[in-house]
file input.cif (mmCIF, C-alpha atoms)
data_query
#
loop_
_atom_site.label_atom_id
_atom_site.label_comp_id
_atom_site.auth_asym_id
_atom_site.auth_seq_id
_atom_site.Cartn_x
_atom_site.Cartn_y
_atom_site.Cartn_z
CA MET A 1195 22.59 -50.12 35.32
CA SER A 1196 22.96 -46.34 35.39
CA ALA A 1197 21.49 -44.04 32.74
CA LEU A 1198 24.75 -42.31 31.87
CA PRO A 1199 25.01 -41.32 28.19
CA ALA A 1200 27.25 -43.67 26.25
CA PRO A 1201 30.38 -41.47 26.06
CA ALA A 1202 30.03 -40.61 29.77
CA TRP A 1203 29.75 -44.31 30.58
CA LEU A 1204 32.94 -44.95 28.62
CA LEU A 1205 34.82 -42.24 30.47
CA ASP A 1206 33.47 -43.51 33.78
CA ARG A 1207 34.30 -47.13 32.97
CA GLY A 1208 36.59 -48.91 35.42
CA PRO A 1209 38.83 -50.31 36.49
CA VAL A 1210 41.22 -47.41 36.48
CA GLY A 1211 44.68 -48.28 35.25
CA VAL A 1212 46.11 -51.02 33.09
CA ARG A 1213 45.30 -54.73 33.01
CA TRP A 1214 47.57 -56.48 30.55
CA GLY A 1215 46.25 -59.10 28.17
CA LEU A 1216 44.39 -59.28 24.86
CA GLU A 1217 41.99 -62.09 25.75
CA ARG A 1218 39.24 -59.74 27.02
CA ILE A 1219 39.21 -57.39 24.02
CA ARG A 1220 39.38 -60.35 21.62
CA ALA A 1221 36.39 -61.99 23.31
CA VAL A 1222 34.31 -58.82 23.07
CA LEU A 1223 35.26 -58.17 19.45
CA SER A 1224 34.41 -61.76 18.59
CA GLU A 1225 30.91 -61.35 20.05
CA LEU A 1226 30.56 -58.15 18.00
CA GLY A 1227 31.38 -60.01 14.80
CA ASN A 1228 35.07 -59.01 14.68
CA PRO A 1229 34.62 -55.45 13.40
CA HIS A 1230 38.40 -54.94 13.33
CA ARG A 1231 38.59 -57.39 10.44
CA ARG A 1232 36.25 -55.32 8.28
CA PHE A 1233 38.81 -52.62 7.53
CA ARG A 1234 42.50 -52.48 6.66
CA SER A 1235 44.91 -50.58 8.85
CA LEU A 1236 48.26 -49.03 9.69
CA HIS A 1237 49.59 -49.44 13.24
CA ILE A 1238 51.93 -46.96 14.92
CA ALA A 1239 53.71 -47.31 18.27
CA GLY A 1240 56.40 -45.24 19.99
CA THR A 1241 57.15 -43.06 22.99
CA ASN A 1242 56.52 -39.72 21.26
CA GLY A 1243 55.28 -38.74 17.83
CA LYS A 1244 53.04 -41.71 17.12
CA GLY A 1245 49.93 -39.54 17.06
CA SER A 1246 51.62 -37.08 14.71
CA VAL A 1247 52.61 -39.87 12.30
CA ALA A 1248 49.08 -41.25 12.45
CA ALA A 1249 47.54 -37.84 11.76
CA LEU A 1250 49.87 -37.25 8.79
CA CYS A 1251 49.06 -40.64 7.25
CA ALA A 1252 45.31 -40.21 7.69
CA SER A 1253 45.38 -36.70 6.26
CA ALA A 1254 47.23 -37.83 3.12
CA LEU A 1255 44.95 -40.84 2.61
CA GLN A 1256 41.74 -38.87 2.83
CA VAL A 1257 42.78 -36.04 0.49
CA GLY A 1258 42.04 -38.04 -2.64
CA GLY A 1259 38.48 -38.65 -1.49
CA SER A 1260 38.18 -42.10 -3.05
CA THR A 1261 38.88 -43.99 0.19
CA SER A 1262 37.04 -43.66 3.51
CA VAL A 1263 39.69 -43.16 6.19
CA GLY A 1264 39.53 -43.62 9.95
CA LEU A 1265 41.93 -42.37 12.61
CA TYR A 1266 42.03 -43.88 16.10
CA THR A 1267 44.15 -42.01 18.66
CA SER A 1268 44.38 -41.36 22.38
CA PRO A 1269 43.98 -39.58 24.66
CA HIS A 1270 41.43 -36.93 23.68
CA LEU A 1271 41.85 -33.29 24.65
CA VAL A 1272 38.30 -31.94 24.95
CA ASP A 1273 35.75 -34.41 23.58
CA PHE A 1274 35.93 -38.21 23.66
CA ARG A 1275 34.82 -38.34 20.02
CA GLU A 1276 38.21 -36.88 18.97
CA ARG A 1277 39.63 -40.38 19.46
CA ILE A 1278 37.52 -41.76 16.62
CA ARG A 1279 37.77 -39.69 13.44
CA ILE A 1280 36.24 -40.56 10.09
CA ASP A 1281 37.39 -38.64 7.01
CA GLY A 1282 38.85 -35.92 9.21
CA ALA A 1283 35.85 -35.33 11.47
CA SER A 1284 35.10 -36.59 14.98
CA VAL A 1285 32.71 -39.54 14.93
CA ALA A 1286 29.03 -38.63 14.90
CA GLU A 1287 27.31 -38.68 18.29
CA ASP A 1288 24.58 -41.08 17.19
CA LEU A 1289 27.08 -43.57 15.74
CA VAL A 1290 29.31 -43.62 18.84
CA SER A 1291 26.27 -43.83 21.13
CA ARG A 1292 24.90 -46.85 19.29
CA ALA A 1293 28.29 -48.54 19.29
CA ALA A 1294 28.84 -47.83 22.98
CA GLU A 1295 25.50 -49.33 23.94
CA ARG A 1296 26.36 -52.51 22.02
CA VAL A 1297 29.77 -52.71 23.70
CA ARG A 1298 28.54 -51.87 27.20
CA PRO A 1299 27.02 -55.23 28.26
CA LEU A 1300 29.95 -57.11 26.73
CA SER A 1301 32.41 -54.84 28.49
CA GLU A 1302 30.74 -55.54 31.82
CA LYS A 1303 30.54 -59.26 31.05
CA HIS A 1304 34.25 -59.59 30.26
CA GLY A 1305 35.57 -56.89 32.62
CA LEU A 1306 37.13 -54.58 30.05
CA THR A 1307 39.19 -51.61 31.17
CA GLY A 1308 38.21 -48.14 30.02
CA PHE A 1309 40.70 -48.11 27.15
CA GLU A 1310 39.70 -51.58 26.02
CA SER A 1311 36.06 -50.48 25.95
CA MET A 1312 36.94 -47.34 23.99
CA THR A 1313 38.94 -49.40 21.49
CA ALA A 1314 36.06 -51.80 20.96
CA VAL A 1315 33.70 -48.86 20.43
CA GLY A 1316 36.12 -47.23 18.00
CA PHE A 1317 36.62 -50.35 15.90
CA LEU A 1318 32.87 -50.97 15.82
CA CYS A 1319 32.23 -47.38 14.69
CA PHE A 1320 34.70 -47.74 11.83
CA ALA A 1321 33.18 -51.03 10.72
CA GLU A 1322 29.60 -49.78 10.91
CA ALA A 1323 30.52 -46.62 8.95
CA GLY A 1324 32.11 -48.70 6.20
CA VAL A 1325 35.55 -47.20 6.68
CA GLU A 1326 38.07 -48.85 4.35
CA VAL A 1327 41.38 -48.10 6.05
CA VAL A 1328 42.09 -47.01 9.63
CA VAL A 1329 45.29 -45.48 10.98
CA VAL A 1330 45.65 -46.77 14.54
CA GLU A 1331 47.82 -45.23 17.25
CA VAL A 1332 48.91 -47.54 20.06
CA GLY A 1333 47.65 -46.49 23.48
CA LEU A 1334 50.43 -47.78 25.73
CA GLY A 1335 53.37 -50.02 24.92
CA GLY A 1336 52.37 -52.25 22.03
CA ARG A 1337 52.55 -55.97 22.65
CA LEU A 1338 49.60 -56.07 25.06
CA ASP A 1339 47.89 -52.84 24.06
CA ALA A 1340 44.19 -53.26 23.22
CA THR A 1341 44.80 -52.03 19.67
CA ASN A 1342 47.15 -54.95 18.99
CA VAL A 1343 44.35 -57.20 17.80
CA ILE A 1344 44.62 -55.83 14.26
CA THR A 1345 46.79 -57.22 11.48
CA PRO A 1346 47.93 -54.06 9.68
CA LEU A 1347 49.28 -53.48 6.21
CA ALA A 1348 52.39 -51.94 7.83
CA SER A 1349 53.48 -51.05 11.34
CA ALA A 1350 56.01 -48.64 12.78
CA VAL A 1351 57.79 -47.55 15.94
CA THR A 1352 58.57 -43.83 16.04
CA ASN A 1353 61.12 -43.74 18.88
CA VAL A 1354 61.75 -45.22 22.30
CA SER A 1355 62.68 -43.50 25.57
CA LEU A 1356 61.96 -44.13 29.24
CA GLU A 1357 58.24 -43.99 30.03
CA HIS A 1358 55.81 -45.97 32.16
CA THR A 1359 58.75 -47.96 33.51
CA GLU A 1360 56.54 -49.60 36.13
CA LEU A 1361 54.59 -51.20 33.25
CA LEU A 1362 56.92 -51.45 30.27
CA GLY A 1363 60.31 -52.12 31.86
CA ALA A 1364 63.12 -50.33 33.60
CA ASP A 1365 65.30 -49.66 30.53
CA VAL A 1366 64.86 -48.66 26.90
CA ALA A 1367 65.66 -52.18 25.67
CA SER A 1368 62.73 -53.62 27.63
CA ILE A 1369 60.44 -50.83 26.49
CA ALA A 1370 61.55 -51.32 22.87
CA ALA A 1371 60.67 -55.01 23.07
CA GLU A 1372 57.17 -54.12 24.28
CA LYS A 1373 56.65 -51.63 21.45
CA ALA A 1374 57.99 -54.08 18.88
CA GLY A 1375 55.14 -56.36 19.90
CA VAL A 1376 53.01 -54.62 17.25
CA PHE A 1377 55.09 -56.29 14.50
CA LYS A 1378 53.29 -59.10 12.67
CA PRO A 1379 54.47 -61.99 10.45
CA GLY A 1380 54.97 -60.85 6.88
CA VAL A 1381 53.94 -57.25 7.65
CA PRO A 1382 56.50 -54.49 6.92
CA ALA A 1383 57.91 -53.08 10.16
CA LEU A 1384 59.54 -49.63 10.14
CA SER A 1385 61.59 -47.84 12.80
CA ALA A 1386 62.50 -44.18 13.14
CA ALA A 1387 64.19 -44.74 16.50
CA GLY A 1388 67.69 -43.93 15.30
CA ASP A 1389 69.23 -45.40 18.45
CA ALA A 1390 71.47 -48.38 17.67
CA ALA A 1391 70.63 -50.28 20.85
CA VAL A 1392 66.90 -49.73 20.38
CA ASP A 1393 67.05 -50.66 16.70
CA GLU A 1394 68.87 -53.88 17.59
CA VAL A 1395 66.01 -54.90 19.88
CA LEU A 1396 63.39 -53.90 17.30
CA ALA A 1397 65.21 -55.76 14.51
CA ARG A 1398 65.67 -58.88 16.64
CA THR A 1399 61.99 -58.89 17.62
CA ALA A 1400 60.88 -58.31 14.03
CA ASP A 1401 63.06 -61.18 12.87
CA ALA A 1402 61.55 -63.50 15.47
CA MET A 1403 58.08 -62.42 14.33
CA GLY A 1404 58.89 -62.91 10.66
CA ALA A 1405 58.30 -59.22 9.94
CA PRO A 1406 60.50 -57.53 7.29
CA PHE A 1407 62.26 -54.76 9.23
CA ARG A 1408 63.55 -51.49 7.80
CA ARG A 1409 65.18 -48.52 9.51
CA LEU A 1410 64.03 -45.10 8.38
CA GLY A 1411 67.60 -44.11 7.60
CA GLU A 1412 67.75 -46.94 5.07
CA LEU A 1413 64.57 -45.79 3.35
CA CYS A 1414 64.73 -42.03 3.35
CA ARG A 1415 67.32 -39.32 3.88
CA VAL A 1416 67.10 -35.54 4.06
CA ARG A 1417 69.27 -33.88 1.44
CA SER A 1418 68.59 -30.33 2.65
CA VAL A 1419 66.28 -28.28 4.84
CA ASP A 1420 64.95 -24.90 3.75
CA GLY A 1421 62.70 -23.49 6.43
CA ASP A 1422 59.79 -25.91 6.64
CA ASP A 1423 60.66 -27.61 3.33
CA LEU A 1424 62.48 -30.94 3.40
CA ASP A 1425 64.29 -32.10 0.27
CA ILE A 1426 64.35 -35.88 0.58
CA ASP A 1427 65.64 -38.92 -1.24
CA SER A 1428 63.16 -41.72 -0.66
CA VAL A 1429 63.29 -45.38 -1.64
CA SER A 1430 59.52 -45.31 -2.09
CA TRP A 1431 59.11 -41.92 -3.78
CA GLY A 1432 62.45 -40.80 -5.22
CA CYS A 1433 63.74 -37.24 -4.82
CA ARG A 1434 60.96 -35.03 -3.53
CA THR A 1435 60.24 -31.93 -1.49
CA ILE A 1436 57.79 -32.19 1.38
CA ARG A 1437 56.41 -29.75 3.95
CA SER A 1438 54.49 -30.74 7.06
CA GLY A 1439 51.87 -28.58 8.70
CA LEU A 1440 53.12 -29.77 12.09
CA PRO A 1441 55.50 -27.19 13.62
CA GLY A 1442 58.91 -28.01 15.05
CA ARG A 1443 62.00 -29.77 13.78
CA HIS A 1444 61.21 -32.72 16.01
CA GLN A 1445 58.43 -33.42 13.50
CA HIS A 1446 60.90 -34.04 10.66
CA ALA A 1447 61.45 -37.68 11.56
CA ASN A 1448 57.71 -38.15 12.00
CA THR A 1449 57.13 -36.65 8.56
CA LEU A 1450 59.64 -38.98 6.91
CA LEU A 1451 58.26 -42.01 8.71
CA ALA A 1452 54.74 -41.17 7.53
CA VAL A 1453 56.06 -40.79 3.96
CA GLU A 1454 57.58 -44.26 4.05
CA LEU A 1455 54.60 -45.91 5.76
CA LEU A 1456 52.38 -44.61 2.95
CA GLY A 1457 54.92 -45.94 0.47
CA HIS A 1458 54.47 -49.44 1.92
CA LEU A 1459 50.73 -49.55 1.20
CA PRO A 1460 49.43 -51.76 -1.59
CA ALA A 1461 48.93 -50.08 -4.96
CA GLU A 1462 45.15 -49.71 -4.60
CA LEU A 1463 45.54 -47.71 -1.37
CA ARG A 1464 48.84 -45.95 -1.97
CA PRO A 1465 48.17 -42.21 -2.37
CA ARG A 1466 49.54 -40.05 -5.16
CA TRP A 1467 52.49 -37.87 -4.21
CA SER A 1468 50.33 -34.79 -4.78
CA ASP A 1469 47.89 -36.13 -2.17
CA ILE A 1470 50.73 -36.59 0.30
CA GLU A 1471 51.94 -33.03 -0.31
CA ARG A 1472 48.47 -31.58 0.22
CA GLY A 1473 47.57 -33.89 3.11
CA PHE A 1474 50.74 -33.14 5.02
CA ALA A 1475 50.40 -29.39 4.44
CA GLU A 1476 46.78 -29.40 5.62
CA VAL A 1477 47.18 -31.76 8.58
CA ARG A 1478 45.68 -30.55 11.84
CA TRP A 1479 46.84 -32.08 15.11
CA PRO A 1480 45.87 -29.95 18.14
CA GLY A 1481 48.07 -29.69 21.19
CA ARG A 1482 51.36 -30.12 19.36
CA CYS A 1483 53.14 -26.75 19.53
CA GLN A 1484 49.70 -25.34 18.75
CA ARG A 1485 49.55 -21.53 18.50
CA ILE A 1486 46.44 -19.60 19.49
CA VAL A 1487 46.25 -15.80 19.58
CA ARG A 1488 43.88 -14.14 22.02
CA GLY A 1489 44.06 -10.36 21.96
CA SER A 1490 47.75 -9.48 22.02
CA THR A 1491 48.81 -12.67 23.81
CA THR A 1492 50.17 -15.69 21.94
CA TRP A 1493 49.43 -19.08 23.48
CA ILE A 1494 51.52 -22.16 22.70
CA LEU A 1495 49.93 -25.43 23.82
CA ASP A 1496 51.87 -28.69 23.77
CA VAL A 1497 51.00 -32.05 25.31
CA ALA A 1498 54.63 -32.89 26.20
CA HIS A 1499 54.21 -35.34 29.08
CA ASN A 1500 57.68 -36.85 29.41
CA PRO A 1501 61.28 -35.59 29.38
CA ALA A 1502 61.77 -36.28 25.66
CA GLY A 1503 58.64 -34.35 24.76
CA ALA A 1504 59.62 -31.45 27.02
CA ALA A 1505 63.10 -31.36 25.46
CA ALA A 1506 61.53 -31.13 21.99
CA LEU A 1507 59.32 -28.27 23.16
CA GLY A 1508 62.36 -26.51 24.65
CA GLU A 1509 64.18 -26.80 21.32
CA TYR A 1510 61.13 -25.39 19.54
CA LEU A 1511 61.05 -22.37 21.87
CA GLU A 1512 64.79 -21.85 21.36
CA ARG A 1513 64.37 -21.69 17.58
CA GLU A 1514 61.11 -19.76 17.43
CA GLU A 1515 62.11 -17.01 19.89
CA PRO A 1516 58.51 -16.23 20.97
CA LEU A 1517 57.44 -12.79 22.13
CA ARG A 1518 58.49 -11.85 25.65
CA PRO A 1519 57.68 -12.04 28.43
CA LEU A 1520 57.10 -15.77 28.37
CA VAL A 1521 55.00 -17.32 31.12
CA LEU A 1522 55.13 -21.09 31.57
CA VAL A 1523 52.02 -22.87 32.86
CA LEU A 1524 52.79 -26.40 34.01
CA GLY A 1525 50.37 -29.16 34.97
CA ILE A 1526 52.19 -32.49 35.25
CA ALA A 1527 50.95 -35.83 36.57
CA ALA A 1528 52.43 -37.01 39.86
CA ASP A 1529 53.85 -40.17 38.30
CA LYS A 1530 55.98 -38.23 35.80
CA ARG A 1531 59.58 -37.07 36.21
CA TRP A 1532 58.68 -33.40 36.52
CA GLU A 1533 62.19 -32.14 37.32
CA GLU A 1534 63.53 -33.55 34.04
CA MET A 1535 60.53 -32.14 32.19
CA ALA A 1536 60.86 -28.65 33.66
CA ALA A 1537 64.63 -28.37 33.12
CA PRO A 1538 64.61 -27.59 29.35
CA LEU A 1539 61.66 -25.19 29.71
CA LEU A 1540 62.65 -23.04 32.69
CA PRO A 1541 65.40 -21.09 30.88
CA HIS A 1542 62.78 -19.68 28.50
CA ALA A 1543 60.36 -18.44 31.16
CA GLU A 1544 60.19 -15.21 33.12
CA ALA A 1545 57.54 -16.75 35.37
CA VAL A 1546 56.23 -20.24 36.08
CA LEU A 1547 52.69 -21.01 37.25
CA LEU A 1548 51.88 -24.49 38.57
CA ALA A 1549 48.46 -26.08 38.82
CA VAL A 1550 46.46 -29.28 38.71
CA PRO A 1551 44.13 -29.50 35.68
CA SER A 1552 40.55 -30.23 36.73
CA SER A 1553 40.35 -33.23 34.38
CA MET A 1554 43.40 -34.90 35.95
CA PRO A 1555 42.40 -38.05 37.91
CA PRO A 1556 42.80 -37.25 41.62
CA GLU A 1557 45.17 -40.15 42.17
CA ARG A 1558 47.56 -38.64 39.59
CA ALA A 1559 47.50 -35.05 40.86
CA TRP A 1560 50.88 -33.58 41.75
CA ASP A 1561 51.58 -31.09 44.56
CA PRO A 1562 52.07 -27.63 42.97
CA GLY A 1563 53.02 -26.09 46.31
CA ALA A 1564 55.90 -28.48 46.90
CA VAL A 1565 57.06 -28.09 43.29
CA ALA A 1566 56.92 -24.28 43.57
CA GLU A 1567 59.12 -24.41 46.67
CA ARG A 1568 61.64 -26.61 44.87
CA LEU A 1569 61.73 -24.41 41.76
CA THR A 1570 62.00 -21.24 43.84
CA ALA A 1571 64.99 -22.73 45.65
CA LEU A 1572 66.55 -23.29 42.23
CA GLY A 1573 66.08 -19.62 41.33
CA ALA A 1574 62.90 -19.78 39.27
CA ARG A 1575 60.04 -17.35 39.74
CA ALA A 1576 57.47 -20.03 40.47
CA ARG A 1577 54.03 -19.88 42.04
CA ALA A 1578 51.44 -22.52 42.85
CA MET A 1579 47.90 -21.63 41.78
CA THR A 1580 44.59 -22.82 43.19
CA SER A 1581 43.42 -24.12 39.81
CA LEU A 1582 44.47 -24.31 36.19
CA ASP A 1583 41.84 -21.71 35.25
CA ALA A 1584 43.38 -19.38 37.81
CA ALA A 1585 46.84 -20.06 36.39
CA LEU A 1586 45.70 -19.34 32.83
CA SER A 1587 43.97 -16.12 33.84
CA ARG A 1588 47.02 -14.98 35.78
CA ALA A 1589 49.32 -15.90 32.87
CA SER A 1590 47.38 -13.68 30.48
CA THR A 1591 47.83 -10.71 32.81
CA LEU A 1592 51.56 -11.39 33.18
CA ALA A 1593 52.07 -11.62 29.40
CA PRO A 1594 49.63 -9.12 27.88
CA HIS A 1595 51.85 -8.68 24.81
CA GLY A 1596 53.95 -11.81 25.22
CA THR A 1597 53.62 -15.59 25.18
CA VAL A 1598 52.03 -18.18 27.45
CA VAL A 1599 53.27 -21.75 27.09
CA VAL A 1600 50.91 -24.40 28.48
CA THR A 1601 52.24 -27.94 28.81
CA GLY A 1602 52.76 -31.01 30.99
CA SER A 1603 49.96 -33.36 29.97
CA ALA A 1604 47.01 -33.88 27.65
CA HIS A 1605 44.77 -33.01 30.60
CA THR A 1606 46.48 -29.64 30.97
CA VAL A 1607 46.23 -28.79 27.28
CA GLY A 1608 42.65 -30.03 27.00
CA ASP A 1609 41.55 -27.91 29.95
CA ALA A 1610 43.40 -24.92 28.50
CA LEU A 1611 41.61 -25.34 25.15
CA ARG A 1612 38.29 -25.28 27.02
CA HIS A 1613 39.37 -22.16 28.93
CA LEU A 1614 40.34 -20.41 25.69
CA GLY A 1615 37.20 -21.57 23.88
CA ALA A 1616 39.29 -23.20 21.17
CA PRO A 1617 38.32 -26.41 19.37
CA ALA A 1618 40.48 -29.50 19.63
#
call {"tool": "encode", "arguments": {"input": "input.cif", "output": "C-alpha cells"}}
result
Amino acid sequence: MSALPAPAWLLDRGPVGVRWGLERIRAVLSELGNPHRRFRSLHIAGTNGKGSVAALCASALQVGGSTSVGLYTSPHLVDFRERIRIDGASVAEDLVSRAAERVRPLSEKHGLTGFESMTAVGFLCFAEAGVEVVVVEVGLGGRLDATNVITPLASAVTNVSLEHTELLGADVASIAAEKAGVFKPGVPALSAAGDAAVDEVLARTADAMGAPFRRLGELCRVRSVDGDDLDIDSVSWGCRTIRSGLPGRHQHANTLLAVELLGHLPAELRPRWSDIERGFAEVRWPGRCQRIVRGSTTWILDVAHNPAGAAALGEYLEREEPLRPLVLVLGIAADKRWEEMAAPLLPHAEAVLLAVPSSMPPERAWDPGAVAERLTALGARARAMTSLDAALSRASTLAPHGTVVVTGSAHTVGDALRHLGAPA
C-alpha cells in the first residue's frame, strides 16, 4: 500500500469512470456503521444549477447558528476538501484524513470508484463531526449515483437537458427518469424543470415511487423583478421579496427552488424567513459567473460545461455588458459538444484562446489546434495555446482594461483560480 496522503489517495483512486450500482457503497457504509443515517438531509439532482440550489439551502440553514449544517458537492475547483463543507468551511484536514484512512481498506475490498470513495468519506466526516443536516448534491444522474443511499427530508430536480448521453440515455426523457431516481416513498419531490415532457416523466416516476410531487410553478411565482430583487408569492412563505447573492437571471429558478425546499423542512429545522434572506444574500459559490479584479482587468469565471450552461453564461454577458475588449479562454473536455457550447459565447469575444487545463484527465483532453482551425474558418479570432497558464497570461495582455471570460469546465476554472491566486 502506498504512503499517499489521504486526499491524494482519494484523487488517485481508480477505476476511472463510472460503474453503476449502489451495492458497493452500501456495503462500505454498512461496515462503517451507516454514517449516512446519523444526519438528516436534502437531496438535489439536475443537469445544471443543483450545486447553486444546494449552496443556497446550506447558507440559509447555517445562518441561524442553532443547527450544524453540512454541504456535499462535486466536483471541487482547487482543493478536494471543498466537496465536504461544515458550517460554511471546508472540512478540516485532520477529520478528512482520519475518515479517508478508515474508508481506504474498505474501498479496496469492495472496489469502489473514486466518487464512491469520496462520498463514503464525506458522509463519515459529517457523522463524526455531529452534523445535524446535510445538503447533498447528486454527482451524476441520480438513480444509481453514490449519494442515492440517503433518505432525505425532501428532494428536487432543478432541470434536465442532454448530458452524459452515453450513460444516462439518448434523450431528455431517459435522462429525466434517471434523475427522478432520487425520489423516495413519502418524501416531497420538487421540480423546477419547467418542460412539460420532462415534468411528465418526473411526475410519473414520483407517483410510482409514492413520492408527493410538486412543480415549482405550482408552489411559487414571481410577481415582479427589480434588479436583483424578486417579489414572489410562495405557498410556503406567502408574499415576500428575496435577493440571491448568485449573479445571473438563470439563478432565479434556482433561488425559488431553494426557497420551496426549505419550506418543506419539518418545523424544527425550517429556518426563519430572515435567515433565508440573509443566507441567500451572503451565499458564496465560486466559479458561477464569479468576478475577480486583478489590476485593471476583470475576470469572469464560470464552470459552464454543457450547452445549457454556456447559453446561460452567454445571456449573462449580454445583460451585463462587460468592459471591452473581451477575451474568451476556453478549456472544454473532449467528450463535450464544444461547438454548441462555443456558439453563444463567440459573439461576445474579440479574441478566443483555447487550451487544455493541466488538471484535465489526459483521456478527456480536447485538441485546441483542431478547434482553433475550425473557429478560424468560421470567422473567429481563435488561437491554440500551449497551456492554460499561457492562455491566461496572454488574455491579460490582450485585455489590460477589459474582461477575460474563463469557462468550459470545472478543471478550467479551478486551474484559473490557482493561476490568479484566488480562493475557491
call {"tool": "atom_distance", "arguments": {"input": "input.cif", "atom1": "atom CA of Thr1597 of chain A", "atom2": "atom CA of Leu1547 of chain A"}}
result
13.3 Å
call {"tool": "residues_near_point", "arguments": {"input": "input.cif", "point": "(55.7, -27.7, 8.3)", "cutoff": "10 Å", "atoms": "all atoms listed in the file", "output": "PDB file with C-alpha atoms, keeping the file's coordinate frame"}}
result
ATOM      1  CA  GLY A1421      62.700 -23.490   6.430  1.00  0.00           C
ATOM      2  CA  ASP A1422      59.790 -25.910   6.640  1.00  0.00           C
ATOM      3  CA  ASP A1423      60.660 -27.610   3.330  1.00  0.00           C
ATOM      4  CA  LEU A1424      62.480 -30.940   3.400  1.00  0.00           C
ATOM      5  CA  ILE A1436      57.790 -32.190   1.380  1.00  0.00           C
ATOM      6  CA  ARG A1437      56.410 -29.750   3.950  1.00  0.00           C
ATOM      7  CA  SER A1438      54.490 -30.740   7.060  1.00  0.00           C
ATOM      8  CA  GLY A1439      51.870 -28.580   8.700  1.00  0.00           C
ATOM      9  CA  LEU A1440      53.120 -29.770  12.090  1.00  0.00           C
ATOM     10  CA  PRO A1441      55.500 -27.190  13.620  1.00  0.00           C
ATOM     11  CA  GLY A1442      58.910 -28.010  15.050  1.00  0.00           C
ATOM     12  CA  ARG A1443      62.000 -29.770  13.780  1.00  0.00           C
ATOM     13  CA  GLN A1445      58.430 -33.420  13.500  1.00  0.00           C
ATOM     14  CA  HIS A1446      60.900 -34.040  10.660  1.00  0.00           C
ATOM     15  CA  THR A1449      57.130 -36.650   8.560  1.00  0.00           C
ATOM     16  CA  PHE A1474      50.740 -33.140   5.020  1.00  0.00           C
ATOM     17  CA  ALA A1475      50.400 -29.390   4.440  1.00  0.00           C
ATOM     18  CA  GLU A1476      46.780 -29.400   5.620  1.00  0.00           C
ATOM     19  CA  VAL A1477      47.180 -31.760   8.580  1.00  0.00           C
TER      20      VAL A1477
END
call {"tool": "closest_residue", "arguments": {"input": "input.cif", "among": "A:Ala1618, A:Leu1539, A:Ala1400, A:Ala1578", "to": "Glu1276 of chain A", "atoms": "all atoms listed in the file"}}
result
A:Ala1618
call {"tool": "resolve_selection", "arguments": {"input": "input.cif", "expression": "the PyMOL selection byres ((chain A and resi 1214-1228) around 9)", "output": "ChimeraX atom specification"}}
result
/A:1212-1213,1229-1232,1296-1297,1300-1301,1303-1306,1310-1311,1313-1314,1317-1318,1337-1343
call {"tool": "closest_residue", "arguments": {"input": "input.cif", "among": "A:Val1272, A:Ala1447, A:Asn1353, A:Ala1294", "to": "Leu1614 of chain A", "atoms": "all atoms listed in the file"}}
result
A:Val1272
call {"tool": "resolve_selection", "arguments": {"input": "input.cif", "expression": "the PyMOL selection byres ((chain A and resi 1332) around 9)", "output": "list of chain:residue names"}}
result
A:His1237, A:Ile1238, A:Ala1239, A:Gly1240, A:Lys1244, A:Gly1245, A:Tyr1266, A:Thr1267, A:Ser1268, A:Val1330, A:Glu1331, A:Gly1333, A:Leu1334, A:Gly1335, A:Gly1336, A:Asp1339, A:Ala1340, A:Thr1341, A:Asn1342, A:Lys1373, A:Val1376
call {"tool": "residues_near_point", "arguments": {"input": "input.cif", "point": "(45.6, -50.1, 1.5)", "cutoff": "6 Å", "atoms": "only C-alpha atoms", "output": "list in words"}}
result
Leu1459, Pro1460 and Leu1463 of chain A
call {"tool": "resolve_selection", "arguments": {"input": "input.cif", "expression": "the PyMOL selection byres ((chain A and resi 1409-1411) around 7)", "output": "JSON, numbers by chain"}}
result
{"A": [1384, 1385, 1386, 1407, 1408, 1412, 1413, 1414, 1415, 1451]}
call {"tool": "closest_residue", "arguments": {"input": "input.cif", "among": "A:Asn1448, A:Thr1261, A:Ser1349, A:Thr1601", "to": "Ala1498 of chain A", "atoms": "only C-alpha atoms"}}
result
A:Thr1601
call {"tool": "atom_distance", "arguments": {"input": "input.cif", "atom1": "atom CA of Ile1486 of chain A", "atom2": "atom CA of Leu1592 of chain A"}}
result
16.8 Å
call {"tool": "residues_around", "arguments": {"input": "input.cif", "residues": "Gln1256 of chain A", "least_positions_apart": "5", "cutoff": "8 Å", "atoms": "all atoms listed in the file", "output": "PyMOL selection string"}}
result
chain A and resi 1261-1263+1281-1282+1473
call {"tool": "atom_distance", "arguments": {"input": "input.cif", "atom1": "atom CA of His1444 of chain A", "atom2": "atom CA of Arg1466 of chain A"}}
result
25.3 Å
call {"tool": "residues_around", "arguments": {"input": "input.cif", "residues": "segment 1378-1383 of chain A", "least_positions_apart": "3", "cutoff": "6 Å", "atoms": "only C-alpha atoms", "output": "VMD selection string"}}
result
chain A and resid 1348 to 1350 1403 to 1407
call {"tool": "closest_residue", "arguments": {"input": "input.cif", "among": "A:Thr1591, A:Ser1418, A:Ser1603, A:Thr1352", "to": "Pro1269 of chain A", "atoms": "only C-alpha atoms"}}
result
A:Ser1603
call {"tool": "closest_residue", "arguments": {"input": "input.cif", "among": "A:Arg1478, A:Ala1559, A:Lys1530, A:Ala1537", "to": "Leu1356 of chain A", "atoms": "only C-alpha atoms"}}
result
A:Lys1530
call {"tool": "closest_residue", "arguments": {"input": "input.cif", "among": "A:Thr1399, A:Thr1435, A:Ser1246, A:Asn1500", "to": "Trp1467 of chain A", "atoms": "all atoms listed in the file"}}
result
A:Thr1435
call {"tool": "residues_around", "arguments": {"input": "input.cif", "residues": "His1458 of chain A", "least_positions_apart": "3", "cutoff": "9 Å", "atoms": "only C-alpha atoms", "output": "JSON, numbers by chain"}}
result
{"A": [1347, 1348, 1382, 1430, 1454, 1455, 1461, 1464]}
call {"tool": "write_last_selection", "arguments": {"input": "input.cif", "atoms": "C-alpha atoms", "output": "JSON list (two decimals), in the coordinates of the input"}}
result
[["chain", "number", "residue", "atom", "x", "y", "z"],
["A", 1347, "LEU", "CA", 49.28, -53.48, 6.21],
["A", 1348, "ALA", "CA", 52.39, -51.94, 7.83],
["A", 1382, "PRO", "CA", 56.50, -54.49, 6.92],
["A", 1430, "SER", "CA", 59.52, -45.31, -2.09],
["A", 1454, "GLU", "CA", 57.58, -44.26, 4.05],
["A", 1455, "LEU", "CA", 54.60, -45.91, 5.76],
["A", 1461, "ALA", "CA", 48.93, -50.08, -4.96],
["A", 1464, "ARG", "CA", 48.84, -45.95, -1.97]]
